[in-house]
Amino acid sequence: MSQRRILWADDQIDELRGQIIFLEGKGYEVVGVSNGDDALDLLARESFEAVLLDEMMPGRGGMETLQGIRDLGTEVPVIMITKSEEEELMNRALGRRISDYLVKPVNPMQIFMALKRALDQTQITEQETARNYLSGFGQMSQERMMATNFDEWARYYDRLVDWDLQLNKLADPEPARLNLDQIRDSNSDWARFVEREYLGWLDDAKGPVMSHRVLDHAVLEHLRAGTRVVFFLIDCMRLDQWRVIESVLSPLFTQRREVACAMLPTATPFARNAIFSGLLPREIKARYPQWWRGSAREERSKNAFEKELLGKWLEDRGLGKKKYHYAKTFDMQDLETLRKKVPTLKDSSLIACVVNFLDILSHGRSDNELLKEIAPDEVAFRSVMRSWFEHSALFEMFRDISGWEDTVVVVTSDHGSIQVRKPTVVKANRDASSNVRYKYGDNINGEAGAIMDLRDPEKWGLPRDTAIQNYVIACESNFFVYPTNQHEYERQFRDSFQHGGVSLEEMIVPLVTLTAR
């Protein structure tokens, strides 16, 4: 293994021979110079892995030399060594991106440890992260097999997401692939668990926070206490996607992170209407048939009355006199218009905003080759989302609202999404719904083991239009194709992000309460 070259600039370099010998014994090649000019000259001509820089040197001092190093365009790690403990000097050095700051007198081990932190921290952290994951792999598999209720599954999935975020930062891709395989394997067990337990969740107030109980759980108490609530529903946002943007908001808010369970089908017409009404879809159709419109082929019209459903939810809770505002945004221009309007809405007790950007991006990716290249998988999609959020009017709204008094912000989603991989044949007539993760219509049939077949929709909280109507819902990463043009459907939808089915990614969604710092 070749030695790692270190440049040490100190006007008393000849007196540091003992420390240099110590570092050489640790595998470093140390090149010493006595002034900043010689240091910059060497850095311009030769390659070094780190610089040890004395702050007090005659002529070009340490801070001036540091600026010269940065002017060369190099990001070589610099460790500043100084006699001064002044905070202002330390801040100036940190502002110029030094890796470490040592105050004299220093011993050889201190310098060695500073070099190790600067040069090996990432590698050591990566090795430890991978080691911790692999050592706990068996235990996590056992947790999955032993999970008997929603809370245990939610904790298990949250750990998988946490590992996914950590492991995808490593240079070695294998641990991340192993964790992704574990998520996919988990979805098989999750589907069986959901089919067995789901009916009990619909009417059990002690069960998971289902879609129709989100507002009662996260919003109602605040409104009754007189606290203003800003409610953001980011359509199609997964738990892992929230996790990559929560750090952007952490300087502005403290957060209480919970999860909700998106109802089946995990699709906007059902889950989002359930959220704003506090009712199951079958109850919405029975109570407000004028607002449950559209055929199976015209599903988007079913979400045209969310504002009215929200008003009825307030009335049913005795809060009908509370002023509320509802807005739905589809693009950046809509968000910017709302951002400008938000300061005028402070007299509202409840401000509810639906953000459709992620859902539109997910669907648009299926038909856009450029988007497929930019976001080929979950990791890249998360990166795209974070970049969008950091530069969006939505983030600006969060920042503006963080300055409001007596206000909490609640963030959730109606459902997540999953990257589909396995085609499964479904037989349905032309009047059936068009989604590739769920379908409903008359006598729809699919492949056993790949679907949940809901033959009695009303029992599952869903409306029924005809006596022979049923719903079929894809499990794991399956997506529906028809026997005719099967290969065309496979080509179009394989590896696309879809929703409506039974998977951890689609059903376990973030439910977060933010309070300004």
# chains A, B, ... in the order shown; residues from 1 in each chain; ligands from 1

$ closest_atom_pairs --of "stretch 117-233 of chain A" --to "stretch 74-89 of chain A" --cutoff "12 Å" --atoms "only C-alpha atoms" --output "JSON lines"
{"residue": "A:Arg117", "atom": "CA", "partner": "A:Pro77", "partner_atom": "CA", "distance": 10.1}
{"residue": "A:Ala118", "atom": "CA", "partner": "A:Pro77", "partner_atom": "CA", "distance": 6.4}
{"residue": "A:Leu119", "atom": "CA", "partner": "A:Pro77", "partner_atom": "CA", "distance": 7.7}
{"residue": "A:Asp120", "atom": "CA", "partner": "A:Pro77", "partner_atom": "CA", "distance": 11.3}
{"residue": "A:Gln121", "atom": "CA", "partner": "A:Pro77", "partner_atom": "CA", "distance": 12.0}

$ write_last_selection --atoms "C-alpha atoms" --output "compact mmCIF listing (two decimals), in the first residue's frame"
# COMPACT_ATOMS: atom_id res chain seq x y z
CA ARG A 117 -10.72 11.91 10.81
CA ALA A 118 -10.01 14.00 7.74
CA LEU A 119 -8.94 11.17 5.45
CA ASP A 120 -10.59 8.02 6.75
CA GLN A 121 -13.79 9.16 8.48

$ residues_around --residues "A:Pro510" --least-positions-apart "4" --cutoff "9 Å" --atoms "only C-alpha atoms" --output "MDAnalysis selection string"
chainID A and resid 237:240 242:243 257:261 411:413

$ write_last_selection --atoms "C-alpha atoms" --output "PDB file, in the first residue's frame"
ATOM      1  CA  MET A 237     -45.377  10.897  -1.067  1.00  0.00           C
ATOM      2  CA  ARG A 238     -43.682   7.853   0.411  1.00  0.00           C
ATOM      3  CA  LEU A 239     -42.163   7.608   3.866  1.00  0.00           C
ATOM      4  CA  ASP A 240     -38.608   7.487   2.495  1.00  0.00           C
ATOM      5  CA  TRP A 242     -40.444  12.506   3.414  1.00  0.00           C
ATOM      6  CA  ARG A 243     -37.323  11.436   5.278  1.00  0.00           C
ATOM      7  CA  ARG A 257     -43.305  11.868  13.167  1.00  0.00           C
ATOM      8  CA  GLU A 258     -46.002   9.204  13.061  1.00  0.00           C
ATOM      9  CA  VAL A 259     -47.363   7.107  10.236  1.00  0.00           C
ATOM     10  CA  ALA A 260     -50.813   6.593   8.794  1.00  0.00           C
ATOM     11  CA  CYS A 261     -52.158   3.640   6.842  1.00  0.00           C
ATOM     12  CA  VAL A 411     -47.997  16.983   6.682  1.00  0.00           C
ATOM     13  CA  THR A 412     -49.174  13.693   5.248  1.00  0.00           C
ATOM     14  CA  SER A 413     -49.956  11.886   2.018  1.00  0.00           C
TER      15      SER A 413
END

$ closest_residue --among "A:Glu378, A:Glu283, A:Asp442, A:Glu476" --to "A:Thr424" --atoms "only C-alpha atoms"
A:Glu476

$ atom_distance --atom1 "atom CA of A:Leu249" --atom2 "atom CA of A:Tyr133"
27.5 Å

$ select_by_dssp --residues "stretch 346-381 of chain A" --states "helix (DSSP H, G or I)" --output "number ranges by chain"
A: 357-367, 369-374, 378-381

$ closest_residue --among "A:Thr344, A:Gln469, A:Gln12, A:Ser503" --to "A:His415" --atoms "only C-alpha atoms"
A:Ser503

$ residues_around --residues "stretch 380-382 of chain A" --least-positions-apart "6" --cutoff "8 Å" --atoms "only C-alpha atoms" --output "list in words"
Asp240, Gln241, Val244 and Ile374 of chain A

$ closest_atom_pairs --of "stretch 408-438 of chain A" --to "stretch 494-497 of chain A" --cutoff "8 Å" --atoms "only C-alpha atoms" --output "JSON lines"
{"residue": "A:Ser417", "atom": "CA", "partner": "A:Phe497", "partner_atom": "CA", "distance": 5.9}
{"residue": "A:Ile418", "atom": "CA", "partner": "A:Phe497", "partner_atom": "CA", "distance": 5.3}
{"residue": "A:Gln419", "atom": "CA", "partner": "A:Phe497", "partner_atom": "CA", "distance": 4.3}
{"residue": "A:Val420", "atom": "CA", "partner": "A:Asp495", "partner_atom": "CA", "distance": 5.1}
{"residue": "A:Arg421", "atom": "CA", "partner": "A:Arg494", "partner_atom": "CA", "distance": 5.2}
{"residue": "A:Lys422", "atom": "CA", "partner": "A:Arg494", "partner_atom": "CA", "distance": 7.3}
{"residue": "A:Pro423", "atom": "CA", "partner": "A:Arg494", "partner_atom": "CA", "distance": 7.6}

$ write_last_selection --atoms "N, CA and C atoms" --output "CSV table (one decimal), in the first residue's frame"
chain,number,residue,atom,x,y,z
A,417,SER,N,-46.1,5.1,-3.4
A,417,SER,CA,-46.0,4.5,-4.7
A,417,SER,C,-45.0,3.4,-4.7
A,418,ILE,N,-45.0,2.6,-5.7
A,418,ILE,CA,-44.0,1.5,-5.8
A,418,ILE,C,-43.5,1.3,-7.2
A,419,GLN,N,-42.2,1.0,-7.4
A,419,GLN,CA,-41.7,0.7,-8.7
A,419,GLN,C,-42.1,-0.7,-9.1
A,420,VAL,N,-43.0,-0.8,-10.1
A,420,VAL,CA,-43.5,-2.1,-10.4
A,420,VAL,C,-42.6,-2.9,-11.4
A,421,ARG,N,-42.6,-4.2,-11.2
A,421,ARG,CA,-41.6,-5.0,-12.0
A,421,ARG,C,-42.2,-6.3,-12.6
A,422,LYS,N,-43.3,-6.8,-11.9
A,422,LYS,CA,-43.8,-8.1,-12.4
A,422,LYS,C,-45.2,-8.0,-13.0
A,423,PRO,N,-45.3,-8.3,-14.3
A,423,PRO,CA,-46.7,-8.2,-14.9
A,423,PRO,C,-47.5,-9.4,-14.4

$ select_by_dssp --residues "stretch 99-249 of chain A" --states "strand (DSSP E or B)" --output "ChimeraX atom specification"
/A:100-103,210,228-234

$ residues_around --residues "A:Leu52" --least-positions-apart "3" --cutoff "10 Å" --atoms "only C-alpha atoms" --output "list in words"
Ile6, Leu7, Trp8, Ala9, Asp10, Val30, Gly32, Glu55, Pro77, Val78, Ile79, Met80, Ile81, Asp100, Tyr101, Leu102, Ile111, Ala114 and Leu115 of chain A
